[in-house]
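Listing of my_file32.cif; format and content: mmCIF, C-alpha atoms and all ligand atoms.
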```cif
data_data
loop_
_atom_site.label_atom_id
_atom_site.label_comp_id
_atom_site.auth_asym_id
_atom_site.auth_seq_id
_atom_site.Cartn_x
_atom_site.Cartn_y
_atom_site.Cartn_z
CA MET A 24 7.62 -12.17 7.05
CA LYS A 25 10.12 -9.51 7.95
CA VAL A 26 10.38 -5.74 7.55
CA LEU A 27 13.74 -3.97 7.64
CA LEU A 28 13.57 -0.46 9.14
CA ILE A 29 16.28 2.16 8.74
CA ASN A 30 16.67 5.08 11.13
CA GLY A 31 18.43 7.88 9.28
CA SER A 32 18.52 10.20 12.29
CA PRO A 33 21.73 11.17 14.08
CA HIS A 34 19.73 10.68 17.31
CA ARG A 35 19.43 7.01 18.19
CA SER A 36 16.29 7.55 20.29
CA GLY A 37 15.05 10.84 18.86
CA ALA A 38 11.89 11.94 17.07
CA THR A 39 12.39 9.71 14.03
CA PHE A 40 13.04 6.69 16.21
CA ARG A 41 9.84 7.39 18.17
CA ALA A 42 7.85 7.23 14.93
CA LEU A 43 9.62 4.04 13.82
CA LYS A 44 8.98 2.50 17.23
CA GLU A 45 5.23 2.99 16.78
CA ILE A 46 5.48 1.14 13.46
CA ILE A 47 7.59 -1.67 14.94
CA ILE A 48 5.12 -2.29 17.80
CA GLU A 49 2.18 -2.43 15.41
CA LEU A 50 3.98 -4.67 12.89
CA GLN A 51 4.87 -7.09 15.67
CA LYS A 52 1.22 -7.16 16.78
CA GLU A 53 0.44 -8.26 13.21
CA GLY A 54 2.94 -11.11 13.50
CA ILE A 55 5.58 -9.44 11.31
CA GLU A 56 9.24 -9.72 12.31
CA THR A 57 11.20 -6.47 12.35
CA GLU A 58 14.84 -5.40 12.29
CA LEU A 59 16.10 -1.86 12.81
CA ILE A 60 19.39 -0.55 11.47
CA GLN A 61 20.64 2.75 12.90
CA VAL A 62 22.28 4.67 10.09
CA GLY A 63 22.26 8.33 11.06
CA MET A 64 25.01 8.07 13.68
CA HIS A 65 27.47 6.84 11.06
CA SER A 66 29.34 8.98 8.59
CA VAL A 67 28.02 7.67 5.32
CA ARG A 68 29.89 8.77 2.22
CA GLY A 69 27.96 9.68 -0.90
CA CYS A 70 28.01 7.63 -4.08
CA LYS A 71 31.22 8.34 -5.99
CA GLY A 72 29.66 7.17 -9.26
CA CYS A 73 32.62 4.83 -9.86
CA GLY A 74 30.20 2.25 -11.27
CA SER A 75 32.18 -0.71 -9.85
CA CYS A 76 29.04 -2.19 -8.31
CA ARG A 77 27.48 -2.46 -11.74
CA THR A 78 30.47 -3.04 -14.00
CA HIS A 79 31.53 -6.03 -11.91
CA GLU A 80 27.97 -6.96 -10.91
CA LEU A 81 29.06 -6.95 -7.27
CA GLY A 82 25.57 -6.52 -5.88
CA LYS A 83 27.13 -4.32 -3.21
CA CYS A 84 29.15 -1.12 -2.83
CA ILE A 85 32.95 -1.22 -2.97
CA TYR A 86 32.96 0.85 0.25
CA GLY A 87 32.26 -1.55 3.08
CA ASP A 88 32.94 0.64 6.10
CA ASP A 89 29.37 1.79 6.78
CA PRO A 90 25.93 0.10 7.00
CA VAL A 91 25.11 0.17 3.26
CA ASN A 92 26.29 -3.37 2.49
CA VAL A 93 24.87 -4.63 5.78
CA ALA A 94 21.43 -3.40 4.69
CA ILE A 95 21.83 -4.93 1.23
CA GLY A 96 22.57 -8.25 2.92
CA ARG A 97 19.60 -7.94 5.27
CA MET A 98 17.25 -7.21 2.36
CA GLU A 99 17.98 -10.71 1.03
CA SER A 100 15.67 -12.11 3.68
CA ALA A 101 13.50 -9.04 4.39
CA ASP A 102 10.17 -8.69 2.56
CA ALA A 103 9.85 -4.91 2.85
CA LEU A 104 11.78 -1.76 3.65
CA ILE A 105 10.85 1.30 5.73
CA VAL A 106 13.17 4.28 5.92
CA GLY A 107 12.88 7.14 8.40
CA SER A 108 14.63 10.50 8.39
CA PRO A 109 14.47 13.82 10.20
CA VAL A 110 13.85 16.82 7.97
CA HIS A 111 17.05 18.80 7.47
CA TYR A 112 16.63 22.02 5.52
CA GLY A 113 13.46 20.82 3.86
CA GLY A 114 14.89 17.48 2.70
CA ALA A 115 16.05 14.16 4.10
CA ALA A 116 19.17 14.27 6.32
CA GLY A 117 22.56 14.10 4.59
CA ASP A 118 23.74 10.70 5.79
CA ILE A 119 20.49 8.91 4.95
CA THR A 120 20.49 10.49 1.51
CA SER A 121 24.01 9.16 0.89
CA PHE A 122 22.95 5.80 2.33
CA MET A 123 19.87 5.52 0.09
CA ASP A 124 21.80 6.56 -3.04
CA ARG A 125 24.36 3.80 -2.53
CA LEU A 126 21.88 1.23 -1.21
CA PHE A 127 19.78 1.48 -4.34
CA TYR A 128 22.55 2.06 -6.88
CA ALA A 129 24.69 -0.83 -5.68
CA SER A 130 21.86 -3.32 -5.12
CA GLY A 131 19.69 -2.34 -8.08
CA GLY A 132 16.76 -1.94 -5.68
CA PHE A 133 14.38 -4.52 -4.26
CA PRO A 134 11.64 -5.03 -6.84
CA TYR A 135 8.20 -6.11 -5.63
CA LYS A 136 9.16 -5.67 -2.00
CA PRO A 137 6.91 -2.95 -0.55
CA GLY A 138 8.57 0.24 0.63
CA ALA A 139 7.61 3.23 2.75
CA ALA A 140 9.28 6.39 4.03
CA ILE A 141 8.49 8.38 7.17
CA VAL A 142 9.88 11.73 8.29
CA SER A 143 10.02 13.82 11.45
CA CYS A 144 10.31 17.56 11.64
CA ARG A 145 9.90 20.47 13.99
CA ARG A 146 7.66 22.49 11.68
CA GLY A 147 8.11 22.45 7.89
CA GLY A 148 9.64 20.69 4.88
CA ALA A 149 8.18 17.28 5.69
CA THR A 150 6.34 16.76 2.40
CA SER A 151 9.40 17.49 0.25
CA ALA A 152 11.57 15.18 2.37
CA LEU A 153 8.92 12.47 2.11
CA GLU A 154 8.67 12.92 -1.64
CA GLN A 155 12.45 12.68 -1.92
CA LEU A 156 12.56 9.36 -0.07
CA ASN A 157 9.52 7.89 -1.85
CA LYS A 158 11.31 8.26 -5.18
CA TYR A 159 13.78 5.46 -4.39
CA PHE A 160 10.87 3.02 -4.18
CA MET A 161 8.87 4.44 -7.05
CA MET A 162 11.63 4.04 -9.63
CA ASN A 163 12.52 0.52 -8.51
CA ASN A 164 9.26 -1.42 -8.91
CA MET A 165 8.63 -1.27 -5.17
CA PRO A 166 4.96 -0.84 -4.21
CA LEU A 167 4.51 2.20 -1.96
CA VAL A 168 2.58 1.54 1.23
CA PRO A 169 0.04 4.24 2.08
CA SER A 170 -1.38 5.50 5.35
CA ALA A 171 -4.34 7.61 6.46
CA TYR A 172 -2.41 10.86 5.95
CA TRP A 173 1.17 11.85 5.06
CA ASN A 174 3.83 9.76 6.79
CA MET A 175 5.19 12.43 9.12
CA VAL A 176 5.41 13.28 12.80
CA HIS A 177 6.07 16.68 14.35
CA GLY A 178 8.44 17.31 17.23
CA ASN A 179 12.05 18.07 18.01
CA ASN A 180 12.53 14.93 20.09
CA ALA A 181 10.78 11.72 21.15
CA GLU A 182 8.87 13.43 23.98
CA GLU A 183 7.38 16.03 21.65
CA VAL A 184 6.42 13.37 19.10
CA GLU A 185 4.58 11.58 21.90
CA GLN A 186 2.13 14.49 21.87
CA ASP A 187 1.53 14.20 18.10
CA ALA A 188 -1.47 11.88 18.34
CA GLU A 189 -2.31 12.19 14.65
CA GLY A 190 1.27 11.52 13.55
CA LEU A 191 1.42 8.36 15.67
CA MET A 192 -1.96 7.21 14.34
CA VAL A 193 -0.55 7.62 10.81
CA MET A 194 2.45 5.45 11.79
CA ARG A 195 0.24 2.69 13.24
CA THR A 196 -2.00 2.77 10.16
CA LEU A 197 1.06 2.55 7.92
CA ALA A 198 2.23 -0.52 9.84
CA ARG A 199 -1.15 -2.26 9.52
CA ASN A 200 -1.30 -1.41 5.81
CA MET A 201 2.21 -2.80 5.38
CA ALA A 202 1.21 -6.03 7.14
CA TRP A 203 -1.90 -6.27 4.96
CA MET A 204 0.14 -5.74 1.79
CA LEU A 205 2.72 -8.35 2.78
CA LYS A 206 0.00 -10.87 3.59
CA SER A 207 -1.78 -10.10 0.31
CA ILE A 208 1.45 -10.64 -1.65
CA GLU A 209 2.00 -13.93 0.16
CA ALA A 210 -1.58 -15.03 -0.59
CA GLY A 211 -1.15 -14.05 -4.26
CA LYS A 212 2.04 -16.08 -4.47
CA LYS A 213 0.33 -19.13 -2.96
CA ALA A 214 -2.53 -18.75 -5.43
CA GLY A 215 -0.01 -18.88 -8.30
CA LEU A 216 -0.12 -15.20 -9.26
CA ALA A 217 3.01 -14.48 -11.31
CA LEU A 218 5.06 -11.31 -11.25
CA PRO A 219 4.36 -8.92 -14.13
CA PRO A 220 6.45 -9.63 -17.25
CA ASN A 221 9.77 -7.79 -17.50
CA GLU A 222 10.27 -6.13 -20.90
CA GLY A 223 13.81 -5.03 -20.07
CA HIS A 224 15.10 -1.57 -19.36
CA ILE A 225 15.35 0.87 -22.26
CA ARG A 226 17.63 3.84 -21.45
CA THR A 227 17.60 6.80 -23.78
CA ASN A 228 18.80 9.91 -21.89
CA PHE A 229 16.08 11.71 -23.91
CA VAL A 230 18.28 12.47 -26.95
CA ARG A 231 19.41 9.04 -28.16
CA ASP A 232 19.20 5.36 -27.48
CA LEU A 233 22.29 4.65 -25.37
CA ALA A 234 22.47 1.07 -26.57
CA ALA A 235 22.08 1.81 -30.29
CA GLY A 236 24.94 0.97 -32.63
CA GLN A 237 26.78 -1.18 -30.13
CA GLY A 238 27.06 -4.22 -32.40
CA ASP A 239 25.10 -5.88 -35.13
CA ASP A 240 23.79 -8.64 -32.94
CA LYS A 241 20.16 -7.75 -32.18
CA ASP A 242 20.32 -9.62 -28.90
CA SER A 243 23.29 -7.54 -27.76
CA LYS A 244 21.29 -4.33 -27.82
CA TYR A 245 20.82 -4.22 -24.07
CA LYS A 246 23.76 -6.44 -23.18
CA ASN A 247 25.74 -3.63 -21.60
CA PHE A 248 22.89 -2.91 -19.24
CA ALA A 249 22.81 -6.37 -17.69
CA PRO A 250 23.30 -5.04 -14.14
CA TYR A 251 20.00 -3.21 -14.37
CA PHE A 252 18.24 -6.52 -14.86
CA THR A 253 20.05 -8.36 -12.09
CA SER A 254 17.77 -7.49 -9.21
CA TYR A 255 14.60 -8.13 -11.17
CA ASN A 256 15.81 -11.52 -12.38
CA LYS A 257 16.95 -12.42 -8.89
CA VAL A 258 13.61 -11.68 -7.27
CA ASN A 259 11.79 -13.41 -10.12
CA LYS A 260 13.88 -16.55 -9.54
CA GLU A 261 13.21 -16.47 -5.80
CA TYR A 262 9.51 -16.05 -6.51
CA GLN A 263 9.49 -19.17 -8.69
CA GLU A 264 11.54 -21.18 -6.19
CA ASP A 265 9.15 -20.37 -3.36
CA GLU A 266 6.24 -21.96 -5.17
C1 LIG B 301 20.58 20.52 10.28
C2 LIG B 301 19.15 20.55 10.69
C3 LIG B 301 18.21 21.08 9.82
C4 LIG B 301 16.86 21.08 10.18
N1 LIG B 301 15.94 21.56 9.28
C5 LIG B 301 14.63 21.51 9.59
C6 LIG B 301 13.64 21.97 8.66
O1 LIG B 301 13.94 22.33 7.54
N2 LIG B 301 12.35 21.92 9.05
C7 LIG B 301 11.97 21.49 10.29
O2 LIG B 301 10.78 21.48 10.58
N3 LIG B 301 12.87 21.02 11.17
C8 LIG B 301 14.19 21.02 10.85
N4 LIG B 301 15.11 20.55 11.74
C9 LIG B 301 14.62 19.96 13.01
C10 LIG B 301 14.47 18.44 12.91
O3 LIG B 301 13.85 18.06 11.73
C11 LIG B 301 13.64 17.91 14.06
O4 LIG B 301 14.22 18.31 15.28
C12 LIG B 301 13.54 16.40 13.99
O5 LIG B 301 12.31 16.02 14.46
C13 LIG B 301 14.63 15.71 14.77
O6 LIG B 301 14.52 14.31 14.58
P1 LIG B 301 15.56 13.34 15.29
O7 LIG B 301 15.39 13.52 16.77
O8 LIG B 301 15.20 11.97 14.84
O9 LIG B 301 16.92 13.74 14.80
C14 LIG B 301 16.45 20.54 11.42
C15 LIG B 301 17.41 20.01 12.29
C16 LIG B 301 18.74 20.01 11.93
C17 LIG B 301 19.76 19.40 12.87
#
```

Please rewrite the model in this file as structure tokens.
Ligand SMILES: Cc1cc2nc3c(=O)[nH]c(=O)nc-3n(C[C@H](O)[C@H](O)[C@H](O)COP(=O)(O)O)c2cc1C
Amino acid sequence: MKVLLINGSPHRSGATFRALKEIIIELQKEGIETELIQVGMHSVRGCKGCGSCRTHELGKCIYGDDPVNVAIGRMESADALIVGSPVHYGGAAGDITSFMDRLFYASGGFPYKPGAAIVSCRRGGATSALEQLNKYFMMNNMPLVPSAYWNMVHGNNAEEVEQDAEGLMVMRTLARNMAWMLKSIEAGKKAGLALPPNEGHIRTNFVRDLAAGQGDDKDSKYKNFAPYFTSYNKVNKEYQEDE
């Protein structure tokens, strides 16, 4: 079992890294493999909304000059994702926000793989940054992994975070909960527990059914939204093959 961790901080060994390190050590104690990708030092462009990833069902972003596609590739074999970011102006840092937008839009997300976010800050804005990052998981069928308190540490750098005993306890607890969830999923799989049925994705934009009137064929109703199903079908297939 493997967890992919993303450090969205511009500081390779800063406060966010210190929190992630606590998680990595604890995951490894639980026998879970880990891989860390440093994202925050790169200039990560935002999603241009070109839609190529979906129109052509690429499964990746057309921009390949930053770690987005690397992470999509790594998630093929990873069982879970943890993302960390410093708080910048009460939200997640700019580069990690761009990274997460493109990671999830291009890949379609990683359904049924547990996800968690952690943040570091000097003083305030941690809960809104955490909420921002949790949304990527929540809208992509990814179970959120909890801890004993909110997933945040306080400090301007790694040394200050070292003094945040409660924050580090929250990180270790998160890691053990992640390991427990991964082992539970594995046990469920072995016991023959199937994934929940997929009823397809209905998109309405509140005012109308986007797919309505696009042909008389009943089965074509959601045809144009095939990319939205890709990731679910893929993970469902892998699930069956594992058995
Ligand atoms: C552009 C910028 C904006 C920041 N905004 C906040 C903020 O809103 N609240 C806060 O508590 N700290 C803020 N900070 C401080 C960082 O969140 C804090 O130093 C963080 O722990 C650094 O993590 P790192 O070493 O992983 O980069 C900001 C720092 C920068 C560079």

I'd like the neighbourhood of range 28-44 of chain A as a PDB file with C-alpha atoms, keeping the file's coordinate frame, where a residue qualifies if any of its atoms comes within 9 Å (using only C-alpha atoms), though same-chain residues fewer than 5 positions away should be ignored.
```
ATOM      1  CA  GLU A  49       2.180  -2.430  15.410  1.00  0.00           C
ATOM      2  CA  THR A  57      11.200  -6.470  12.350  1.00  0.00           C
ATOM      3  CA  GLU A  58      14.840  -5.400  12.290  1.00  0.00           C
ATOM      4  CA  LEU A  59      16.100  -1.860  12.810  1.00  0.00           C
ATOM      5  CA  ILE A  60      19.390  -0.550  11.470  1.00  0.00           C
ATOM      6  CA  GLN A  61      20.640   2.750  12.900  1.00  0.00           C
ATOM      7  CA  VAL A  62      22.280   4.670  10.090  1.00  0.00           C
ATOM      8  CA  GLY A  63      22.260   8.330  11.060  1.00  0.00           C
ATOM      9  CA  MET A  64      25.010   8.070  13.680  1.00  0.00           C
ATOM     10  CA  HIS A  65      27.470   6.840  11.060  1.00  0.00           C
ATOM     11  CA  ALA A  94      21.430  -3.400   4.690  1.00  0.00           C
ATOM     12  CA  ALA A 103       9.850  -4.910   2.850  1.00  0.00           C
ATOM     13  CA  LEU A 104      11.780  -1.760   3.650  1.00  0.00           C
ATOM     14  CA  ILE A 105      10.850   1.300   5.730  1.00  0.00           C
ATOM     15  CA  VAL A 106      13.170   4.280   5.920  1.00  0.00           C
ATOM     16  CA  GLY A 107      12.880   7.140   8.400  1.00  0.00           C
ATOM     17  CA  SER A 108      14.630  10.500   8.390  1.00  0.00           C
ATOM     18  CA  PRO A 109      14.470  13.820  10.200  1.00  0.00           C
ATOM     19  CA  ALA A 115      16.050  14.160   4.100  1.00  0.00           C
ATOM     20  CA  ALA A 116      19.170  14.270   6.320  1.00  0.00           C
ATOM     21  CA  GLY A 117      22.560  14.100   4.590  1.00  0.00           C
ATOM     22  CA  ASP A 118      23.740  10.700   5.790  1.00  0.00           C
ATOM     23  CA  ILE A 119      20.490   8.910   4.950  1.00  0.00           C
ATOM     24  CA  THR A 120      20.490  10.490   1.510  1.00  0.00           C
ATOM     25  CA  PHE A 122      22.950   5.800   2.330  1.00  0.00           C
ATOM     26  CA  ILE A 141       8.490   8.380   7.170  1.00  0.00           C
ATOM     27  CA  VAL A 142       9.880  11.730   8.290  1.00  0.00           C
ATOM     28  CA  SER A 143      10.020  13.820  11.450  1.00  0.00           C
ATOM     29  CA  CYS A 144      10.310  17.560  11.640  1.00  0.00           C
ATOM     30  CA  MET A 175       5.190  12.430   9.120  1.00  0.00           C
ATOM     31  CA  VAL A 176       5.410  13.280  12.800  1.00  0.00           C
ATOM     32  CA  HIS A 177       6.070  16.680  14.350  1.00  0.00           C
ATOM     33  CA  GLY A 178       8.440  17.310  17.230  1.00  0.00           C
ATOM     34  CA  ASN A 179      12.050  18.070  18.010  1.00  0.00           C
ATOM     35  CA  ASN A 180      12.530  14.930  20.090  1.00  0.00           C
ATOM     36  CA  ALA A 181      10.780  11.720  21.150  1.00  0.00           C
ATOM     37  CA  GLU A 182       8.870  13.430  23.980  1.00  0.00           C
ATOM     38  CA  GLU A 183       7.380  16.030  21.650  1.00  0.00           C
ATOM     39  CA  VAL A 184       6.420  13.370  19.100  1.00  0.00           C
ATOM     40  CA  GLU A 185       4.580  11.580  21.900  1.00  0.00           C
ATOM     41  CA  GLY A 190       1.270  11.520  13.550  1.00  0.00           C
ATOM     42  CA  LEU A 191       1.420   8.360  15.670  1.00  0.00           C
ATOM     43  CA  MET A 194       2.450   5.450  11.790  1.00  0.00           C
TER      44      MET A 194
END
```

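The space separating CA of Met204 in chain A from CA of Gly54 in chain A comes to 13.2 Å.
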
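Each of A:Ile46, A:Met161, A:Tyr86, A:Val168 was compared to Met192 in chain A using all atoms listed in the file, and A:Ile46 turns out to be the nearest.
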
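Protein and nucleic acid residues near (-1.5, -8.7, -1.6) are Tyr135, Lys136, Pro137, Pro166, Val168, Asn200, Met201, Ala202, Trp203, Met204, Leu205, Lys206, Ser207, Ile208, Glu209, Ala210, Gly211, Lys212, Lys213, Ala214, Leu216 and Leu218 of chain A, the criterion being any atom at most 12 Å away using all atoms listed in the file.
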
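Using all atoms listed in the file for every distance, the candidate list A:Glu80, A:Asp124, A:Asp89, A:Asp187 yields A:Asp187 as the residue closest to ligand LIG 301 (chain B).
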
Nearest to ligand LIG 301 (chain B) by atom-to-atom distance, counting all atoms listed in the file, from A:Ala149, A:Met24, A:Cys70, A:Leu81: A:Ala149

Residue among A:Thr227, A:Asn163, A:Thr196, A:Ser151 lying closest to ligand LIG 301 (chain B), counting all atoms listed in the file: A:Ser151

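Residues within 6 Å of Ala129 in chain A, counting only C-alpha atoms and excluding same-chain residues fewer than 6 positions away, are Cys76, Gly82, Lys83 and Cys84 of chain A.
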
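The spacing separating CA of Val110 in chain A from atom O8 of ligand LIG 301 (chain B) amounts to 8.5 Å.
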